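Asker: I'd like to ask you about the structure that follows.
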Amino acid sequence: MSFKITSDCNNCGACEPECPNSAITSGDDFFVIAVDSCTECVGFYNEPRCAAVCPVDACLTDSGHVEAETDLMAKVKKLHPSKDFSGAAALSHFKK
């Protein structure tokens with residue numbers, strides 16, 4: 001499942017540098033997350049960083065883009081082909 005940024009975003013910019021996939025960019029009115037690049041931080045962190053750092057809780061799961069952990073890991077490997085994710089299997093919010 002991808003994350004999305006709601007209109008509650010106050011444009012503080014805290015989320016953008018936290019994204020390991022550079023999926024967050026400044027939109028017209030608030031920051032936005034590119035669905036094709038969002039991996040919910042699987043392979044990098046134990047929680048989605050955008051949601052963790054957002055001071056106004058504007059980063060939420062996007063129920064319109066549900067993906068399994070295996071699909072997210074495949075996506076992250078495609079986005080970062082030179083990175084070794086063999087030891088990163090435990091880095092996922094699915095592993096609570």
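Ordering of the structure tokens sets the chain letters (A, B, ...), residue numbers begin anew at 1 in every chain, and ligands are numbered from 1 in the order given.
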For Ala14 in chain A, please output as a list in words all residues within 12 Å (counting only C-alpha atoms; exclusion window: fewer than 3 positions along the same chain).

Answerer: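 So, after excluding close chain neighbours, the residues are Cys9, Asn10, Asn11, Pro17, Glu18, Cys19, Ile24, Thr25, Ser26, Phe31, Arg49, Cys50, Ala51, Ala52, Val53, Cys54, Pro55, Val56, Asp57, Ala58 and Cys59 of chain A.
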
Asker: Just checking: using only C-alpha atoms, which residue out of A:Asp84, A:Asp28, A:Asp62, A:Asp71 ends up closest to Lys4 in chain A?

Answerer: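 The shortest atom-to-atom distance to Lys4 in chain A comes from A:Asp62.
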
Asker: Check the smallest atom-to-atom distance from each of A:Phe3, A:Ser92, A:Thr39, A:Gly87 to Leu72 in chain A using only C-alpha atoms, then report the winner.

Answerer: A:Thr39

Asker: Could you check how far CA of Lys78 in chain A sits from CA of Gly27 in chain A, in Å to one decimal?

Answerer: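 That distance, rounded to one decimal, is 24.9 Å.
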
Asker: Grab the CA of Ile5 in chain A to CA of Phe85 in chain A distance for me, in Å with one decimal place.

Answerer: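 Between CA of Ile5 in chain A and CA of Phe85 in chain A the gap works out to 26.9 Å.
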
Asker: Residues within 12 Å of Asn21 in chain A, please, as a list of chain:residue names. Count only C-alpha atoms; anything in the same chain fewer than 5 positions from it doesn't count.

Answerer: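 Here the answer would be A:Cys15, A:Glu16, A:Ile33, A:Ala34, A:Val35, A:Asp36, A:Ser37, A:Cys38, A:Thr39, A:Glu40, A:Cys41, A:Val42, A:Gly43, A:Phe44, A:Tyr45, A:Pro48, A:Arg49, A:Cys50, A:Leu72, A:Lys75, A:Val76, A:Lys77, A:Lys78, A:Leu79, A:His80.
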
Asker: List every residue of range 1-93 of chain A that DSSP, applied to the backbone, labels as strand (DSSP E or B), and write the result as a list of chain:residue names.

Answerer: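 Of range 1-93 of chain A, the ones in strand (DSSP E or B) are A:Phe3, A:Lys4, A:Ile5, A:Ile24, A:Thr25, A:Ser26, A:Phe31, A:Val32, A:Ile33, A:Cys59, A:Leu60, A:Thr61.
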
Asker: So the first atom is CA of Lys83 in chain A and the second is CA of Ala23 in chain A; what is the distance between them in Å, to one decimal place?

Answerer: 17.3 Å

Asker: Which parts of chain A does DSSP call alpha helix (DSSP H) when run on the backbone here, written out as a list in words?

Answerer: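 Selecting the alpha helix (DSSP H) positions of chain A gives Arg49, Cys50, Ala51, Ala52, Val53, Glu69, Thr70, Asp71, Leu72, Met73, Ala74, Lys75, Val76, Lys77, Lys78 and Leu79 of chain A.
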
Asker: Measuring between only C-alpha atoms, which one of A:Ser2, A:Thr70, A:Ser7, A:Ser63 shows the shortest distance to Phe94 in chain A?

Answerer: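 Among the listed residues, A:Thr70 lies closest to Phe94 in chain A.
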